[in-house]
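With mmCIF, C-alpha atoms inside, this is structure_28.cif:
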data_my_file
loop_
_atom_site.group_PDB
_atom_site.id
_atom_site.type_symbol
_atom_site.label_atom_id
_atom_site.label_comp_id
_atom_site.auth_asym_id
_atom_site.auth_seq_id
_atom_site.Cartn_x
_atom_site.Cartn_y
_atom_site.Cartn_z
ATOM 1 C CA MET A 1 9.513 -14.011 -11.429
ATOM 2 C CA ASP A 2 8.584 -13.592 -15.094
ATOM 3 C CA ASP A 3 10.899 -10.814 -16.234
ATOM 4 C CA SER A 4 9.411 -10.850 -19.726
ATOM 5 C CA LEU A 5 6.661 -8.650 -18.286
ATOM 6 C CA HIS A 6 7.978 -5.185 -18.943
ATOM 7 C CA HIS A 7 5.644 -3.239 -16.673
ATOM 8 C CA ARG A 8 4.407 -3.759 -13.121
ATOM 9 C CA ILE A 9 2.541 -1.290 -10.897
ATOM 10 C CA PHE A 10 1.314 -1.632 -7.321
ATOM 11 C CA LEU A 11 -1.960 -0.708 -5.617
ATOM 12 C CA LEU A 12 -1.708 -0.329 -1.835
ATOM 13 C CA SER A 13 -4.738 -0.817 0.392
ATOM 14 C CA PRO A 14 -5.260 2.204 2.659
ATOM 15 C CA ALA A 15 -4.520 2.792 6.306
ATOM 16 C CA TYR A 16 -7.493 3.319 8.610
ATOM 17 C CA ALA A 17 -7.911 7.059 9.116
ATOM 18 C CA GLY A 18 -10.383 6.849 11.993
ATOM 19 C CA GLY A 19 -8.268 5.169 14.658
ATOM 20 C CA GLU A 20 -6.211 6.259 17.648
ATOM 21 C CA ARG A 21 -3.115 7.234 15.661
ATOM 22 C CA ALA A 22 -5.252 9.344 13.330
ATOM 23 C CA ARG A 23 -6.690 11.151 16.339
ATOM 24 C CA MET A 24 -3.140 11.816 17.538
ATOM 25 C CA ILE A 25 -2.123 13.506 14.319
ATOM 26 C CA LEU A 26 -5.426 15.383 13.952
ATOM 27 C CA ASN A 27 -5.180 16.779 17.468
ATOM 28 C CA ASP A 28 -4.819 20.561 17.318
ATOM 29 C CA GLY A 29 -2.081 20.410 19.928
ATOM 30 C CA ALA A 30 0.079 17.812 18.129
ATOM 31 C CA GLN A 31 3.638 19.120 17.700
ATOM 32 C CA PHE A 32 5.582 16.146 16.318
ATOM 33 C CA GLU A 33 7.204 16.570 12.913
ATOM 34 C CA LEU A 34 4.624 14.801 10.744
ATOM 35 C CA ALA A 35 1.753 16.661 12.418
ATOM 36 C CA ARG A 36 3.486 19.972 11.671
ATOM 37 C CA LYS A 37 4.096 18.954 8.060
ATOM 38 C CA LEU A 38 0.451 17.986 7.659
ATOM 39 C CA ARG A 39 -0.559 21.466 8.868
ATOM 40 C CA GLY A 40 1.963 23.224 6.639
ATOM 41 C CA ARG A 41 1.353 24.748 3.234
ATOM 42 C CA LYS A 42 2.850 21.774 1.369
ATOM 43 C CA GLY A 43 1.331 19.031 3.516
ATOM 44 C CA ALA A 44 2.916 15.565 3.754
ATOM 45 C CA PRO A 45 3.155 12.621 1.309
ATOM 46 C CA ILE A 46 0.166 10.316 1.656
ATOM 47 C CA ALA A 47 2.514 7.312 1.921
ATOM 48 C CA GLU A 48 4.218 8.887 4.936
ATOM 49 C CA VAL A 49 0.913 9.734 6.603
ATOM 50 C CA PHE A 50 -0.563 6.283 6.040
ATOM 51 C CA THR A 51 2.639 4.655 7.303
ATOM 52 C CA PHE A 52 2.234 6.587 10.546
ATOM 53 C CA LEU A 53 -1.405 5.497 10.800
ATOM 54 C CA SER A 54 -0.780 1.829 10.010
ATOM 55 C CA GLY A 55 2.796 1.089 11.110
ATOM 56 C CA LEU A 56 4.675 -1.983 9.883
ATOM 57 C CA TYR A 57 2.120 -3.202 7.345
ATOM 58 C CA PHE A 58 1.976 0.006 5.311
ATOM 59 C CA ARG A 59 5.707 0.646 5.745
ATOM 60 C CA GLY A 60 6.369 -2.762 4.236
ATOM 61 C CA LYS A 61 3.949 -2.171 1.369
ATOM 62 C CA VAL A 62 5.541 1.156 0.452
ATOM 63 C CA ALA A 63 9.116 -0.147 0.646
ATOM 64 C CA TYR A 64 8.316 -3.246 -1.393
ATOM 65 C CA ALA A 65 6.317 -1.429 -4.067
ATOM 66 C CA MET A 66 8.993 1.234 -4.517
ATOM 67 C CA ALA A 67 11.641 -1.455 -4.839
ATOM 68 C CA PHE A 68 9.894 -3.484 -7.529
ATOM 69 C CA ALA A 69 7.578 -1.174 -9.465
ATOM 70 C CA ARG A 70 8.259 -1.012 -13.204
ATOM 71 C CA PRO A 71 5.649 1.460 -14.465
ATOM 72 C CA PRO A 72 5.198 2.567 -18.062
ATOM 73 C CA ARG A 73 6.327 6.094 -18.863
ATOM 74 C CA GLY A 74 3.986 8.730 -17.472
ATOM 75 C CA THR A 75 2.286 6.394 -14.956
ATOM 76 C CA PRO A 76 3.062 6.243 -11.210
ATOM 77 C CA GLY A 77 4.439 2.903 -10.122
ATOM 78 C CA VAL A 78 2.834 3.021 -6.662
ATOM 79 C CA LEU A 79 -0.775 4.079 -6.119
ATOM 80 C CA VAL A 80 -2.665 4.232 -2.835
ATOM 81 C CA ILE A 81 -6.330 3.289 -2.540
ATOM 82 C CA THR A 82 -8.140 6.033 -0.614
ATOM 83 C CA PRO A 83 -11.585 6.237 1.028
ATOM 84 C CA THR A 84 -12.770 9.152 -1.133
ATOM 85 C CA ARG A 85 -10.179 10.096 -3.790
ATOM 86 C CA GLY A 86 -9.828 6.856 -5.747
ATOM 87 C CA LEU A 87 -6.272 5.849 -6.651
ATOM 88 C CA VAL A 88 -3.660 8.400 -5.591
ATOM 89 C CA ASP A 89 0.053 8.529 -6.412
ATOM 90 C CA ALA A 90 1.940 7.533 -3.250
ATOM 91 C CA THR A 91 4.001 10.738 -3.472
ATOM 92 C CA THR A 92 0.912 13.002 -3.453
ATOM 93 C CA ARG A 93 0.947 15.443 -0.552
ATOM 94 C CA ILE A 94 -2.140 15.797 1.617
ATOM 95 C CA GLY A 95 -3.177 18.093 4.442
ATOM 96 C CA LEU A 96 -5.381 17.988 7.511
ATOM 97 C CA LYS A 97 -8.533 18.633 5.481
ATOM 98 C CA ASP A 98 -7.806 15.602 3.298
ATOM 99 C CA LEU A 99 -7.139 13.330 6.266
ATOM 100 C CA ARG A 100 -10.342 14.441 7.974
ATOM 101 C CA GLU A 101 -12.206 13.631 4.770
ATOM 102 C CA PHE A 102 -10.696 10.126 4.717
ATOM 103 C CA ALA A 103 -11.578 9.625 8.381
ATOM 104 C CA ALA A 104 -15.251 10.400 7.705
ATOM 105 C CA VAL A 105 -15.704 7.430 5.333
ATOM 106 C CA ASP A 106 -15.509 3.793 6.404
ATOM 107 C CA ILE A 107 -14.672 1.946 3.181
ATOM 108 C CA ARG A 108 -17.536 -0.236 1.943
ATOM 109 C CA GLU A 109 -18.146 -1.453 -1.585
ATOM 110 C CA ASP A 110 -21.728 -0.106 -1.496
ATOM 111 C CA ASP A 111 -20.732 3.435 -0.429
ATOM 112 C CA PRO A 112 -20.643 5.688 -3.524
ATOM 113 C CA ARG A 113 -18.222 8.105 -1.819
ATOM 114 C CA TYR A 114 -15.629 5.324 -2.013
ATOM 115 C CA ARG A 115 -16.785 3.257 -4.960
ATOM 116 C CA LEU A 116 -17.346 5.919 -7.625
ATOM 117 C CA PRO A 117 -13.856 7.518 -7.419
ATOM 118 C CA ILE A 118 -12.017 4.188 -7.394
ATOM 119 C CA GLU A 119 -14.138 2.844 -10.278
ATOM 120 C CA ARG A 120 -13.361 5.982 -12.276
ATOM 121 C CA ASP A 121 -9.611 5.789 -11.660
ATOM 122 C CA ALA A 122 -9.364 2.020 -12.188
ATOM 123 C CA GLN A 123 -11.168 2.268 -15.518
ATOM 124 C CA ARG A 124 -8.928 5.118 -16.691
ATOM 125 C CA LEU A 125 -5.790 3.310 -15.594
ATOM 126 C CA ALA A 126 -6.822 0.039 -17.243
ATOM 127 C CA LYS A 127 -7.295 1.821 -20.574
ATOM 128 C CA LYS A 128 -3.971 3.630 -20.237
ATOM 129 C CA LEU A 129 -1.754 0.693 -19.269
ATOM 130 C CA PRO A 130 -0.013 -1.102 -22.132
ATOM 131 C CA LEU A 131 -0.123 -4.869 -22.446
ATOM 132 C CA PRO A 132 1.342 -6.793 -20.797
ATOM 133 C CA THR A 133 1.221 -4.948 -17.476
ATOM 134 C CA GLU A 134 0.689 -6.557 -14.098
ATOM 135 C CA VAL A 135 -1.313 -4.694 -11.460
ATOM 136 C CA ILE A 136 -0.272 -5.995 -8.043
ATOM 137 C CA LEU A 137 -2.662 -5.515 -5.121
ATOM 138 C CA LEU A 138 -0.871 -5.268 -1.790
ATOM 139 C CA GLY A 139 -3.900 -5.677 0.417
ATOM 140 C CA SER A 140 -6.579 -8.156 1.398
ATOM 141 C CA ILE A 141 -8.252 -10.154 -1.345
ATOM 142 C CA ALA A 142 -10.674 -11.676 1.149
ATOM 143 C CA THR A 143 -12.951 -8.626 0.996
ATOM 144 C CA ALA A 144 -15.098 -7.387 -1.868
ATOM 145 C CA LYS A 145 -14.392 -3.734 -1.083
ATOM 146 C CA TYR A 146 -11.111 -3.901 -3.007
ATOM 147 C CA VAL A 147 -11.398 -6.971 -5.195
ATOM 148 C CA ASP A 148 -14.786 -6.481 -6.850
ATOM 149 C CA VAL A 149 -14.196 -2.955 -8.082
ATOM 150 C CA LEU A 150 -10.610 -3.623 -9.214
ATOM 151 C CA LEU A 151 -11.358 -6.911 -10.986
ATOM 152 C CA ALA A 152 -14.046 -5.208 -13.031
ATOM 153 C CA SER A 153 -11.376 -3.015 -14.640
ATOM 154 C CA PHE A 154 -8.147 -5.057 -14.530
ATOM 155 C CA ARG A 155 -9.515 -8.624 -14.826
ATOM 156 C CA ASP A 156 -6.706 -11.190 -15.125
ATOM 157 C CA ARG A 157 -4.033 -8.483 -14.865
ATOM 158 C CA LEU A 158 -4.887 -8.022 -11.171
ATOM 159 C CA ARG A 159 -2.543 -10.167 -9.084
ATOM 160 C CA PHE A 160 -1.269 -10.474 -5.502
ATOM 161 C CA PRO A 161 1.658 -12.136 -3.682
ATOM 162 C CA CYS A 162 0.837 -15.789 -3.078
ATOM 163 C CA ASP A 163 2.870 -15.584 0.170
ATOM 164 C CA PHE A 164 0.097 -13.389 1.626
ATOM 165 C CA ILE A 165 -2.143 -16.439 2.022
ATOM 166 C CA GLY A 166 -2.403 -17.437 5.683
ATOM 167 C CA ARG A 167 -0.589 -14.343 6.979
ATOM 168 C CA GLY A 168 -1.960 -11.511 9.085
ATOM 169 C CA ASP A 169 -1.216 -7.847 8.438
ATOM 170 C CA MET A 170 1.886 -7.643 10.637
ATOM 171 C CA SER A 171 3.386 -10.769 9.102
ATOM 172 C CA ARG A 172 2.731 -9.408 5.611
ATOM 173 C CA GLY A 173 4.367 -6.114 6.510
ATOM 174 C CA GLY A 174 7.466 -7.840 7.880
ATOM 175 C CA LEU A 175 7.697 -10.093 4.829
ATOM 176 C CA LEU A 176 7.415 -7.189 2.395
ATOM 177 C CA LEU A 177 9.986 -5.095 4.232
ATOM 178 C CA ARG A 178 12.632 -7.827 4.304
ATOM 179 C CA CYS A 179 11.971 -8.640 0.631
ATOM 180 C CA ALA A 180 12.492 -4.970 -0.256
ATOM 181 C CA VAL A 181 15.755 -4.799 1.688
ATOM 182 C CA ASP A 182 17.002 -8.125 0.296
ATOM 183 C CA ARG A 183 15.816 -7.268 -3.245
ATOM 184 C CA GLN A 184 13.964 -10.579 -3.454
ATOM 185 C CA GLU A 185 10.675 -10.196 -5.270
ATOM 186 C CA LEU A 186 7.779 -12.473 -4.393
ATOM 187 C CA ALA A 187 5.778 -14.608 -6.805
ATOM 188 C CA TYR A 188 2.321 -13.369 -7.812
ATOM 189 C CA ILE A 189 -0.893 -15.157 -8.707
ATOM 190 C CA ALA A 190 -4.153 -13.951 -10.224
ATOM 191 C CA VAL A 191 -6.738 -12.565 -7.834
ATOM 192 C CA ALA A 192 -9.594 -14.005 -9.907
ATOM 193 C CA GLY A 193 -10.366 -17.483 -8.604
ATOM 194 C CA ALA A 194 -7.649 -17.417 -5.919
ATOM 195 C CA ILE A 195 -8.021 -19.421 -2.721
ATOM 196 C CA VAL A 196 -7.808 -16.785 0.002
ATOM 197 C CA SER A 197 -7.231 -19.002 3.039
ATOM 198 C CA GLY A 198 -4.496 -21.432 3.902
ATOM 199 C CA ARG A 199 -2.236 -22.773 6.617
ATOM 200 C CA ARG A 200 -0.457 -20.085 8.612
ATOM 201 C CA PRO A 201 3.235 -20.027 7.630
ATOM 202 C CA PRO A 202 6.040 -20.085 10.243
ATOM 203 C CA LYS A 203 6.855 -16.818 12.005
ATOM 204 C CA LEU A 204 9.515 -14.690 10.371
ATOM 205 C CA PRO A 205 12.822 -14.413 12.260
ATOM 206 C CA PRO A 206 13.048 -10.940 13.871
ATOM 207 C CA ARG A 207 14.968 -8.196 12.089
ATOM 208 C CA ARG A 208 15.635 -4.528 12.636
ATOM 209 C CA TYR A 209 15.684 -1.909 9.868
ATOM 210 C CA VAL A 210 16.980 1.622 9.524
ATOM 211 C CA GLU A 211 15.345 4.118 7.172
ATOM 212 C CA SER A 212 17.776 5.321 4.517
ATOM 213 C CA LYS A 213 17.580 7.790 1.630
ATOM 214 C CA GLY A 214 13.993 8.890 2.147
ATOM 215 C CA PRO A 215 10.546 7.315 2.736
ATOM 216 C CA GLY A 216 10.224 3.714 1.634
ATOM 217 C CA ARG A 217 13.975 3.105 1.613
ATOM 218 C CA PHE A 218 15.382 0.835 4.311
ATOM 219 C CA VAL A 219 18.575 -1.033 5.088
ATOM 220 C CA ARG A 220 19.044 -3.921 7.465
ATOM 221 C CA GLY A 221 20.191 -2.857 10.920
ATOM 222 C CA ALA A 222 21.404 -4.669 13.985
ATOM 223 C CA GLN A 223 19.369 -7.468 15.521
ATOM 224 C CA PRO A 224 17.433 -6.491 18.629
ATOM 225 C CA PRO A 225 19.288 -7.214 21.892
ATOM 226 C CA GLY A 226 19.168 -10.878 22.851
ATOM 227 C CA ARG A 227 18.280 -12.040 19.333
ATOM 228 C CA ARG A 228 21.648 -12.238 17.650
#

Let me see the file written as structure tokens.
Amino acid sequence: MDDSLHHRIFLLSPAYAGGERARMILNDGAQFELARKLRGRKGAPIAEVFTFLSGLYFRGKVAYAMAFARPPRGTPGVLVITPTRGLVDATTRIGLKDLREFAAVDIREDDPRYRLPIERDAQRLAKKLPLPTEVILLGSIATAKYVDVLLASFRDRLRFPCDFIGRGDMSRGGLLLRCAVDRQELAYIAVAGAIVSGRRPPKLPPRRYVESKGPGRFVRGAQPPGRR
């Protein structure tokens, strides 16, 4: 990695808020801890909610971004792309009303409910960030719904992990989580002009992790039975 770059922030693609796990947490009868937090006065951190909705992929993105973000003073190091609210600090707390709003919009680059807020926030952030600052997208670059709107503001500062090429979501999540635990940062390449397809890499050896010291913090645990 090029450590001469003083600042690095991360943009996390969102979890899908209209699926089965979203219906579980939106159910009026849901009594598990996160559902109760979401109904409470303070709500729950968006990173925690999206991790529940998405599972390993978002968990890995949060852990990795928190481990390696180097934001300038006054700027969050980890921002979440949302369906209707633009770029949101990963620590922002949301409630049921917010999640229902997210669930009502299927992200498309031609939908102004999604595009206008993210354009606004990306433009503001691009003007605010000092040079040199890398903006790392932890999400798919094979779709215009993220890339087009972000490239317009960040241009050659928008980058992504080259190890994402050829991997599916679960493989990316596992890779990011082990890199966060091992404190081994990946190499990044520019999104502009990147080749988005490639040979599928070998499967990652299985690992088990234990959450430690709050959301996004993990330590390596014991191997699953039979895989030592």

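What separates atom CA of Ala47 of chain A from atom CA of Leu131 of chain A is a distance of 27.4 Å.
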
| request: List the residues matched by the PyMOL selection byres ((chain A and resi 73) around 12) in the displayed structure as a ChimeraX atom specification, ordered by chain and then by residue number. | output: /A:6-9,69-72,74-77,128-130

| message | Between atom CA of Thr143 of chain A and atom CA of Thr92 of chain A, what distance in Å does the model show, to one decimal? | response |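 A separation of 26.1 Å between them.
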
| message | Around (2.0, -10.7, 4.6), as given in the file, which residues come within 10 Å? Count all atoms listed in the file and list them as a VMD selection string. | response | chain A and resid 57 60 to 61 138 to 140 161 to 177 201

| task | Go ahead and compute the interatomic distance for atom CA of Ala15 of chain A and atom CA of Lys127 of chain A, in Å to one decimal. | result | 27.0 Å

| message | What's around Ala104 of chain A at 9 Å? Count all atoms listed in the file, leave out sequence neighbours fewer than 4 positions away in its own chain, and write the answer as a list in words. | response |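 Here the answer would be Ala17, Gly18, Pro83, Leu99 and Arg100 of chain A.
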
Once 3 Å is added on each side, what are the centre and the three edge lengths, in Å to one decimal, of the axis-aligned box enclosing the listed atoms of segment 49-52 of chain A? Present them as lines of an AutoDock Vina configuration file.
center_x = 1.0
center_y = 7.2
center_z = 8.3
size_x = 9.2
size_y = 11.1
size_z = 10.5

| message | With all atoms listed in the file as the counted atoms, please give the residues lying no more than 10 Å from Lys37 of chain A, apart from itself and same-chain residues fewer than 3 positions off, as a list in words. | response |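 Answer for this query is Gln31, Phe32, Glu33, Leu34, Gly40, Arg41, Lys42, Gly43, Ala44, Pro45, Val49, Arg93, Ile94, Gly95 and Leu96 of chain A.
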
| Applied to the shown file, which residues does the PyMOL selection byres ((chain A and resi 180) around 12) return, written as a PyMOL selection string? | chain A and resi 59-69+173-179+181-186+209+216-220

| field | Residues matched by the PyMOL selection byres ((chain A and resi 160) around 6), written as a list in words | value |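 On this input, the PyMOL selection byres ((chain A and resi 160) around 6) captures Ile136, Leu137, Arg159, Pro161, Tyr188 and Ile189 of chain A.
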
| Residues within 9 Å of segment 111-117 of chain A, all atoms listed in the file, excluding chain neighbours under 6 positions, as a PyMOL selection string | chain A and resi 82-87+105+145+149

Restricting the output to C-alpha atoms, write the selected residues as a compact mmCIF listing (two decimals), in the frame of the given file.
# COMPACT_ATOMS: atom_id res chain seq x y z
CA THR A 82 -8.14 6.03 -0.61
CA PRO A 83 -11.58 6.24 1.03
CA THR A 84 -12.77 9.15 -1.13
CA ARG A 85 -10.18 10.10 -3.79
CA GLY A 86 -9.83 6.86 -5.75
CA LEU A 87 -6.27 5.85 -6.65
CA VAL A 105 -15.70 7.43 5.33
CA LYS A 145 -14.39 -3.73 -1.08
CA VAL A 149 -14.20 -2.96 -8.08

| For Ala142 of chain A, which residue out of A:Ala192, A:Lys97, A:Gln123, A:Arg157 is the nearest one, using all atoms listed in the file? |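 So, comparing all the options, the nearest one is A:Ala192.
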
From (-2.5, 5.9, 9.7), in the file's coordinates, out to 9 Å: which residues are reached, counting only C-alpha atoms? Answer as a PDB file with C-alpha atoms, in the coordinates of the input.
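Printed below is part11.pdb as written:
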ATOM      1  CA  PRO A  14      -5.260   2.204   2.659  1.00  0.00           C
ATOM      2  CA  ALA A  15      -4.520   2.792   6.306  1.00  0.00           C
ATOM      3  CA  TYR A  16      -7.493   3.319   8.610  1.00  0.00           C
ATOM      4  CA  ALA A  17      -7.911   7.059   9.116  1.00  0.00           C
ATOM      5  CA  GLY A  18     -10.383   6.849  11.993  1.00  0.00           C
ATOM      6  CA  GLY A  19      -8.268   5.169  14.658  1.00  0.00           C
ATOM      7  CA  GLU A  20      -6.211   6.259  17.648  1.00  0.00           C
ATOM      8  CA  ARG A  21      -3.115   7.234  15.661  1.00  0.00           C
ATOM      9  CA  ALA A  22      -5.252   9.344  13.330  1.00  0.00           C
ATOM     10  CA  ILE A  25      -2.123  13.506  14.319  1.00  0.00           C
ATOM     11  CA  GLU A  48       4.218   8.887   4.936  1.00  0.00           C
ATOM     12  CA  VAL A  49       0.913   9.734   6.603  1.00  0.00           C
ATOM     13  CA  PHE A  50      -0.563   6.283   6.040  1.00  0.00           C
ATOM     14  CA  THR A  51       2.639   4.655   7.303  1.00  0.00           C
ATOM     15  CA  PHE A  52       2.234   6.587  10.546  1.00  0.00           C
ATOM     16  CA  LEU A  53      -1.405   5.497  10.800  1.00  0.00           C
ATOM     17  CA  SER A  54      -0.780   1.829  10.010  1.00  0.00           C
ATOM     18  CA  GLY A  55       2.796   1.089  11.110  1.00  0.00           C
ATOM     19  CA  PHE A  58       1.976   0.006   5.311  1.00  0.00           C
TER      20      PHE A  58
END

| remark: From the list A:Ala126, A:Met24, A:Ala35, A:Val135, the nearest residue to Leu12 of chain A using only C-alpha atoms is A:Val135
